[in-house]
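Reading through the structure tokens given below for one structure.
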Amino acid sequence: MKKRLPKGWSPIVVLLLLLSLWEIIVRLADVPEWLLPSPTAILHEAITGWSNFSGHMFSTVQLAVLGFIIGTSIGLLTAMLLHVVPFLREAVYPLLILSQNIPIIVLAPLLVVWFGFGLLPKLIVITLVCFFPITIAALDGFKQTPQDLKTYMMMAGASSKQLFWKLELPYSLSSLFSGIKISATYSVMGAVISEWLGAQTGIGVYMTLASSSFRTDRVFVAIFAIMIISMLFFAIIRIAEKRFIRWRIKEEEKE
């Protein structure tokens with residue numbers, strides 16, 4: 001029998017192969033470092049320039065976490081409100097979809113004009129990126145509640161408030177966490193975009209300075225940092241999901 005790689009190792013092996021291929025092609029083709037640096041050159045810059053980059057990274061993480069918390073709260077509250085008030089949902093739901101057709105990068109300059117260069121426009125950008133996946137996921141989760149259980153609770157005399165908190169909300173957790181995981185990764189991207197609005201620190205600022213000085217290795221350091229931070233956010237939400245939804249873990253173990 002063929003030995004299989006442990007679960008989760010396959011993507012790592014593929015990534016290492018791609019990085020090795022990248023290193024070989026750059027060296028054999030003698031590609032200029034300002035055009036496409038090798039992975040080893042990027043790693044060297046990440047190590048030697050850590051003292052300069054770390055401050056920018058922690059600034060972005062703080063901004064992303066704060067914006068993610070605000071976006072998650074607004075998204076969940078919006079979903080609850082639209083679910084409880086069907087008329088409001090019919091009126092507002094199309095507007096929510098329409099709002100996602102406006103590119104954030106286009107809206108960003110307007111936010112600067114309206115709110116200045118402070119923290120508020122940056123948080124608005126991250127909130128706009130984060131709240132929509134959570135709102136849609138929560139609304140879909142509320143609809144997944146089995147009708148027979150709802151009927152049973154109503155026959156038992158449960159109020160609309162009890163029906164929501166004790167049945168519909170718990171059944172929506174699986175879908176809700178799917179939206180939260182998407183928003184967690186989007187929050188990092190939103191934070192980087194928001195830093196282009198005139199921030200003094202952050203990965204977005206670091207990338208702008210690096211690209212303007214043709215330090216492509218630093219640009220790649222920033223890109224890989226964004227990827228790693230996004231994966232860490234995703235992993236943290238995944239751990240929280242396993243703690244909150246025990247029944248889903250049992251289903252995955254059966255599979």
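To be explicit about the labels: the chains of the structure tokens are called A, B, and onward in the order shown, and within each one the residues are counted from 1, while ligands get numbers from 1 in the order they are shown.
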- Message: So that I can check the surroundings of stretch 45-53 of chain A, please list as a list in words every protein, DNA and RNA residue that reaches within 12 Å of it, counting only C-alpha atoms and ignoring chain neighbours fewer than 6 positions away.
- Response: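 Answer for this query is Glu33, Pro37, Ser38, Pro39, Ser59, Thr60, Thr201, Gly202, Ile203, Gly204, Val205, Tyr206, Met207, Leu209, Ala210, Arg215, Thr216, Asp217, Arg218, Val219, Phe220, Val221, Ala222, Ile223, Phe224 and Ala225 of chain A.
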Restricted to C-alpha atoms, what would the selected residues look like written as a PDB file, in the first residue's frame?
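Everything below was put into again.pdb:
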ATOM      1  CA  GLU A  33      16.186  41.277  -8.250  1.00  0.00           C
ATOM      2  CA  PRO A  37      13.499  38.446  -6.415  1.00  0.00           C
ATOM      3  CA  SER A  38      14.079  34.836  -5.484  1.00  0.00           C
ATOM      4  CA  PRO A  39      12.370  33.290  -2.424  1.00  0.00           C
ATOM      5  CA  SER A  59      -0.277  48.348  13.183  1.00  0.00           C
ATOM      6  CA  THR A  60      -2.144  46.540  10.416  1.00  0.00           C
ATOM      7  CA  THR A 201       2.276  53.094   9.542  1.00  0.00           C
ATOM      8  CA  GLY A 202       0.984  49.765   8.310  1.00  0.00           C
ATOM      9  CA  ILE A 203       1.678  47.127   5.683  1.00  0.00           C
ATOM     10  CA  GLY A 204      -0.110  49.259   3.084  1.00  0.00           C
ATOM     11  CA  VAL A 205       2.273  52.142   3.771  1.00  0.00           C
ATOM     12  CA  TYR A 206       5.247  49.757   3.736  1.00  0.00           C
ATOM     13  CA  MET A 207       4.188  48.366   0.333  1.00  0.00           C
ATOM     14  CA  LEU A 209       7.193  52.975  -0.021  1.00  0.00           C
ATOM     15  CA  ALA A 210       8.776  49.723  -1.217  1.00  0.00           C
ATOM     16  CA  ARG A 215      12.319  47.279  -3.565  1.00  0.00           C
ATOM     17  CA  THR A 216      10.365  44.363  -4.969  1.00  0.00           C
ATOM     18  CA  ASP A 217      11.710  42.041  -2.290  1.00  0.00           C
ATOM     19  CA  ARG A 218      10.021  44.183   0.372  1.00  0.00           C
ATOM     20  CA  VAL A 219       6.783  44.164  -1.605  1.00  0.00           C
ATOM     21  CA  PHE A 220       6.845  40.361  -1.543  1.00  0.00           C
ATOM     22  CA  VAL A 221       7.617  40.389   2.180  1.00  0.00           C
ATOM     23  CA  ALA A 222       4.462  42.431   2.677  1.00  0.00           C
ATOM     24  CA  ILE A 223       2.435  40.109   0.428  1.00  0.00           C
ATOM     25  CA  PHE A 224       3.545  36.986   2.286  1.00  0.00           C
ATOM     26  CA  ALA A 225       2.893  38.711   5.613  1.00  0.00           C
TER      27      ALA A 225
END
Long-range neighbours of stretch 113-129 of chain A as an mmCIF file with C-alpha atoms, in the first residue's frame, 6 Å cut-off, only C-alpha atoms, 5 positions minimum in chain:
data_model
loop_
_atom_site.group_PDB
_atom_site.id
_atom_site.type_symbol
_atom_site.label_atom_id
_atom_site.label_comp_id
_atom_site.auth_asym_id
_atom_site.auth_seq_id
_atom_site.Cartn_x
_atom_site.Cartn_y
_atom_site.Cartn_z
ATOM 1 C CA GLY A 67 -12.424 46.727 12.018
ATOM 2 C CA GLY A 71 -17.896 44.753 10.951
ATOM 3 C CA SER A 187 -10.392 42.288 7.197
ATOM 4 C CA GLY A 190 -9.459 45.910 3.981
ATOM 5 C CA ALA A 191 -6.916 47.148 6.528
ATOM 6 C CA SER A 194 -7.513 51.586 4.191
ATOM 7 C CA GLY A 198 -2.946 58.447 4.333
#
Practice problem: Name the closest residue to A:Phe233 among the candidates A:Phe132, A:Phe164, A:Phe68, A:Tyr171; distances are taken between atoms, counting only C-alpha atoms. | Solution: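 Ranking A:Phe132, A:Phe164, A:Phe68, A:Tyr171 by distance to A:Phe233, first place goes to A:Phe68.
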Using only C-alpha atoms, the shortest atom-to-atom distance to A:Glu195 among A:Leu98, A:Ala108, A:Val31, A:Ala138 belongs to A:Ala108
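Residue nearest A:Ile104 within the list A:Met231, A:Ile74, A:Ile226, A:Leu197: A:Leu197 [criterion: smallest interatomic distance, only C-alpha atoms].
Every protein or nucleic acid residue with an atom no more than 12 Å from A:Val92, counting only C-alpha atoms and leaving out same-chain residues fewer than 5 positions away, appears here: Thr78, Ala79, Leu81, Leu82, His83, Val85, Pro86, Phe87, Ile97, Leu98, Ser99 and Thr135 of chain A.
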Store the residues picked out above in a file with all heavy atoms, as a tab-separated table (two decimals), in the first residue's frame.
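So the final result, stored in again-v2.tsv, reads:
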chain	number	residue	atom	x	y	z
A	78	THR	N	-27.41	43.53	11.70
A	78	THR	CA	-28.19	43.77	10.48
A	78	THR	C	-28.96	42.53	10.08
A	78	THR	O	-30.15	42.61	9.73
A	78	THR	CB	-27.26	44.21	9.33
A	78	THR	OG1	-26.54	45.38	9.71
A	78	THR	CG2	-28.07	44.48	8.07
A	79	ALA	N	-28.31	41.37	10.14
A	79	ALA	CA	-28.99	40.12	9.78
A	79	ALA	C	-30.15	39.82	10.73
A	79	ALA	O	-31.23	39.40	10.29
A	79	ALA	CB	-27.98	38.96	9.81
A	81	LEU	N	-31.89	41.98	12.46
A	81	LEU	CA	-32.95	42.95	12.22
A	81	LEU	C	-33.74	42.60	10.96
A	81	LEU	O	-34.99	42.63	10.95
A	81	LEU	CB	-32.36	44.35	12.10
A	81	LEU	CG	-33.36	45.50	11.89
A	81	LEU	CD1	-34.32	45.59	13.06
A	81	LEU	CD2	-32.61	46.82	11.70
A	82	LEU	N	-33.05	42.24	9.89
A	82	LEU	CA	-33.72	41.89	8.63
A	82	LEU	C	-34.52	40.61	8.77
A	82	LEU	O	-35.54	40.42	8.10
A	82	LEU	CB	-32.70	41.76	7.51
A	82	LEU	CG	-31.92	43.03	7.13
A	82	LEU	CD1	-31.00	42.76	5.96
A	82	LEU	CD2	-32.87	44.18	6.82
A	83	HIS	N	-34.05	39.70	9.62
A	83	HIS	CA	-34.76	38.44	9.83
A	83	HIS	C	-36.03	38.64	10.65
A	83	HIS	O	-37.07	38.04	10.35
A	83	HIS	CB	-33.84	37.43	10.52
A	83	HIS	CG	-34.52	36.14	10.85
A	83	HIS	ND1	-34.89	35.22	9.88
A	83	HIS	CD2	-34.91	35.61	12.05
A	83	HIS	CE1	-35.47	34.18	10.46
A	83	HIS	NE2	-35.50	34.39	11.76
A	85	VAL	N	-37.73	41.47	10.95
A	85	VAL	CA	-38.67	42.37	10.26
A	85	VAL	C	-38.65	42.03	8.77
A	85	VAL	O	-37.83	42.57	8.01
A	85	VAL	CB	-38.31	43.85	10.48
A	85	VAL	CG1	-39.37	44.75	9.89
A	85	VAL	CG2	-38.10	44.13	11.97
A	86	PRO	N	-39.51	41.11	8.31
A	86	PRO	CA	-39.50	40.69	6.89
A	86	PRO	C	-39.68	41.85	5.92
A	86	PRO	O	-39.05	41.86	4.86
A	86	PRO	CB	-40.69	39.72	6.83
A	86	PRO	CG	-40.87	39.23	8.23
A	86	PRO	CD	-40.50	40.39	9.11
A	87	PHE	N	-40.53	42.82	6.26
A	87	PHE	CA	-40.75	43.95	5.35
A	87	PHE	C	-39.46	44.72	5.13
A	87	PHE	O	-39.14	45.15	4.01
A	87	PHE	CB	-41.83	44.88	5.92
A	87	PHE	CG	-41.95	46.17	5.17
A	87	PHE	CD1	-42.60	46.22	3.95
A	87	PHE	CD2	-41.38	47.33	5.67
A	87	PHE	CE1	-42.70	47.42	3.24
A	87	PHE	CE2	-41.47	48.53	4.97
A	87	PHE	CZ	-42.12	48.57	3.76
A	97	ILE	N	-26.93	44.13	-1.59
A	97	ILE	CA	-26.26	43.53	-2.75
A	97	ILE	C	-25.68	44.62	-3.64
A	97	ILE	O	-24.56	44.51	-4.16
A	97	ILE	CB	-27.24	42.65	-3.52
A	97	ILE	CG1	-27.73	41.49	-2.63
A	97	ILE	CG2	-26.59	42.10	-4.79
A	97	ILE	CD1	-28.77	40.62	-3.28
A	98	LEU	N	-26.45	45.70	-3.82
A	98	LEU	CA	-25.98	46.81	-4.66
A	98	LEU	C	-24.74	47.46	-4.07
A	98	LEU	O	-23.84	47.89	-4.82
A	98	LEU	CB	-27.11	47.84	-4.81
A	98	LEU	CG	-26.83	49.03	-5.74
A	98	LEU	CD1	-26.60	48.55	-7.17
A	98	LEU	CD2	-27.98	50.02	-5.68
A	99	SER	N	-24.66	47.53	-2.76
A	99	SER	CA	-23.50	48.18	-2.12
A	99	SER	C	-22.21	47.43	-2.38
A	99	SER	O	-21.12	48.03	-2.36
A	99	SER	CB	-23.74	48.27	-0.60
A	99	SER	OG	-23.73	46.97	0.00
A	135	THR	N	-23.60	39.10	7.19
A	135	THR	CA	-25.04	39.33	7.07
A	135	THR	C	-25.70	38.27	6.20
A	135	THR	O	-26.73	37.68	6.58
A	135	THR	CB	-25.30	40.73	6.47
A	135	THR	OG1	-24.74	41.73	7.32
A	135	THR	CG2	-26.79	40.98	6.33
Could you go through stretch 5-240 of chain A and tell me which residues DSSP, when run on the backbone, assigns to helix (DSSP H, G or I), listing them as number ranges by chain? A: 10-29, 39-48, 50-84, 86-99, 104-115, 119-143, 147-155, 160-197, 203-212, 216-240
**Prompt:** What lies within 7 Å of A:Thr72 using only C-alpha atoms, ignoring chain neighbours under 3 positions off, as an MDAnalysis selection string?
**Reply:** chainID A and resid 68:69 75:76 130:131 134
Selection near A:Ala137, 6 Å with only C-alpha atoms, sequence-local residues under 3 positions removed, as a compact mmCIF listing (two decimals) with N, CA, C and O atoms, in the first residue's frame:
# COMPACT_ATOMS: atom_id res chain seq x y z
N PRO A 133 -20.46 39.53 4.10
CA PRO A 133 -20.47 38.06 4.19
C PRO A 133 -21.17 37.54 5.45
O PRO A 133 -21.84 36.50 5.41
N ILE A 134 -21.01 38.26 6.56
CA ILE A 134 -21.64 37.82 7.81
C ILE A 134 -23.15 37.98 7.73
O ILE A 134 -23.91 37.11 8.16
N ASP A 140 -28.97 33.30 5.73
CA ASP A 140 -29.14 31.93 5.19
C ASP A 140 -29.22 30.91 6.32
O ASP A 140 -29.97 29.94 6.24
N SER A 175 -23.52 28.33 9.47
CA SER A 175 -23.44 29.29 8.37
C SER A 175 -22.78 30.58 8.82
O SER A 175 -22.01 31.20 8.07
N LEU A 176 -23.09 31.00 10.04
CA LEU A 176 -22.53 32.25 10.56
C LEU A 176 -21.02 32.19 10.64
O LEU A 176 -20.33 33.14 10.25
N GLY A 179 -19.39 32.71 7.30
CA GLY A 179 -19.26 34.12 6.96
C GLY A 179 -18.19 34.82 7.76
O GLY A 179 -17.47 35.69 7.23
Of the candidates A:Leu66, A:Leu139, A:Val13, A:Leu167, which shows the shortest atom-to-atom distance to A:Thr151, using only C-alpha atoms?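 Of A:Leu66, A:Leu139, A:Val13, A:Leu167, the one nearest A:Thr151 is A:Leu167, counting only C-alpha atoms.
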Give me, please, the distance in Å between atom CA of A:Ile228 and atom CA of A:Ala64, quoted to one decimal.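 A separation of 13.6 Å between them.
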